[in-house]
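A quick write-up on the structure given underneath.
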Amino acid sequence: MAINNVNNNGVPKTPLDNSKINQQGQNQAAQQQAASKTAAAPAPRQDSVSLTQSAQQLNQVQKKGTEAPVNQEKVDKLKKAIQSGEYKVNPEVLANKIARLESEIFGVKS
């Protein structure tokens with residue numbers, strides 16, 4: 001038993017044209033791809049860097065440190081003294097030098 005024209009009030013259905021359906025599906029797919037490409041590809045961002053004044057000063061100090069001459073003979077003597085245990089640190093002198101260096105770096109007068 002064949003059931004035809006159900007819920008069509010007796011009006012026969014027109015046959016579907018599969019080629020039109022395929023074209024419509026392809027057009028929709030192409031439109032979706034184009035939309036996703038434009039949405040997924042934002043404009044290229046421009047990167048930028050800004051350094052604080054402290055960072056710029058630190059950079060200058062580092063450059064000066066690499067350019068400064070090194071007394072290799074003195075460095076070698078200190079290395080040997082430290083390795084042999086002959087090098088002694090005076091804590092008071094060291095503390096004073098650290099305090100003086102900090103005041104020069106941070107601009108605090110003691």
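All residue names refer to the structure tokens as shown: chains lettered A, B, ... in order, residues numbered from 1 in each chain, ligands numbered from 1 in order.
If you count only C-alpha atoms and ignore residues fewer than 2 places along the chain from region 103-109 of chain A, what sits within 12 Å of it is Ser54, Gln57, Leu58, Val61, Asn96, Lys97, Ile98, Ala99, Arg100 and Leu101 of chain A.
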Output N, CA, C and O atoms for every residue in the selection just made, as a JSON list (two decimals), in the first residue's frame.
[["chain", "number", "residue", "atom", "x", "y", "z"],
["A", 54, "SER", "N", 63.66, 53.41, 34.85],
["A", 54, "SER", "CA", 64.55, 52.51, 35.61],
["A", 54, "SER", "C", 65.15, 51.44, 34.70],
["A", 54, "SER", "O", 66.33, 51.12, 34.80],
["A", 57, "GLN", "N", 67.82, 52.98, 32.55],
["A", 57, "GLN", "CA", 69.05, 53.21, 33.32],
["A", 57, "GLN", "C", 69.79, 51.89, 33.54],
["A", 57, "GLN", "O", 71.02, 51.85, 33.42],
["A", 58, "LEU", "N", 69.05, 50.84, 33.86],
["A", 58, "LEU", "CA", 69.68, 49.54, 34.05],
["A", 58, "LEU", "C", 70.36, 49.08, 32.77],
["A", 58, "LEU", "O", 71.48, 48.54, 32.80],
["A", 61, "VAL", "N", 73.61, 50.91, 32.45],
["A", 61, "VAL", "CA", 74.61, 50.39, 33.39],
["A", 61, "VAL", "C", 75.18, 49.08, 32.87],
["A", 61, "VAL", "O", 76.40, 48.84, 32.95],
["A", 96, "ASN", "N", 78.91, 49.21, 54.65],
["A", 96, "ASN", "CA", 79.02, 50.62, 54.26],
["A", 96, "ASN", "C", 79.04, 50.79, 52.75],
["A", 96, "ASN", "O", 78.41, 51.71, 52.20],
["A", 97, "LYS", "N", 79.74, 49.91, 52.06],
["A", 97, "LYS", "CA", 79.80, 50.01, 50.60],
["A", 97, "LYS", "C", 78.43, 49.70, 49.97],
["A", 97, "LYS", "O", 78.04, 50.35, 48.99],
["A", 98, "ILE", "N", 77.72, 48.72, 50.53],
["A", 98, "ILE", "CA", 76.38, 48.41, 50.00],
["A", 98, "ILE", "C", 75.45, 49.59, 50.22],
["A", 98, "ILE", "O", 74.70, 49.97, 49.32],
["A", 99, "ALA", "N", 75.51, 50.20, 51.40],
["A", 99, "ALA", "CA", 74.65, 51.35, 51.70],
["A", 99, "ALA", "C", 74.97, 52.52, 50.76],
["A", 99, "ALA", "O", 74.07, 53.20, 50.26],
["A", 100, "ARG", "N", 76.25, 52.75, 50.51],
["A", 100, "ARG", "CA", 76.64, 53.84, 49.61],
["A", 100, "ARG", "C", 76.17, 53.57, 48.18],
["A", 100, "ARG", "O", 75.65, 54.47, 47.51],
["A", 101, "LEU", "N", 76.30, 52.32, 47.73],
["A", 101, "LEU", "CA", 75.85, 51.96, 46.39],
["A", 101, "LEU", "C", 74.34, 52.15, 46.26],
["A", 101, "LEU", "O", 73.86, 52.70, 45.26]]
Just list the residues in region 36-95 of chain A DSSP gives alpha helix (DSSP H) on the backbone, as an NGL selection string. :A and (36-40 or 53-67 or 72-84 or 91-95)
Rounded to one decimal place, report the CA of Val75 (chain A)-CA of Leu94 (chain A) distance in Å. 18.1 Å
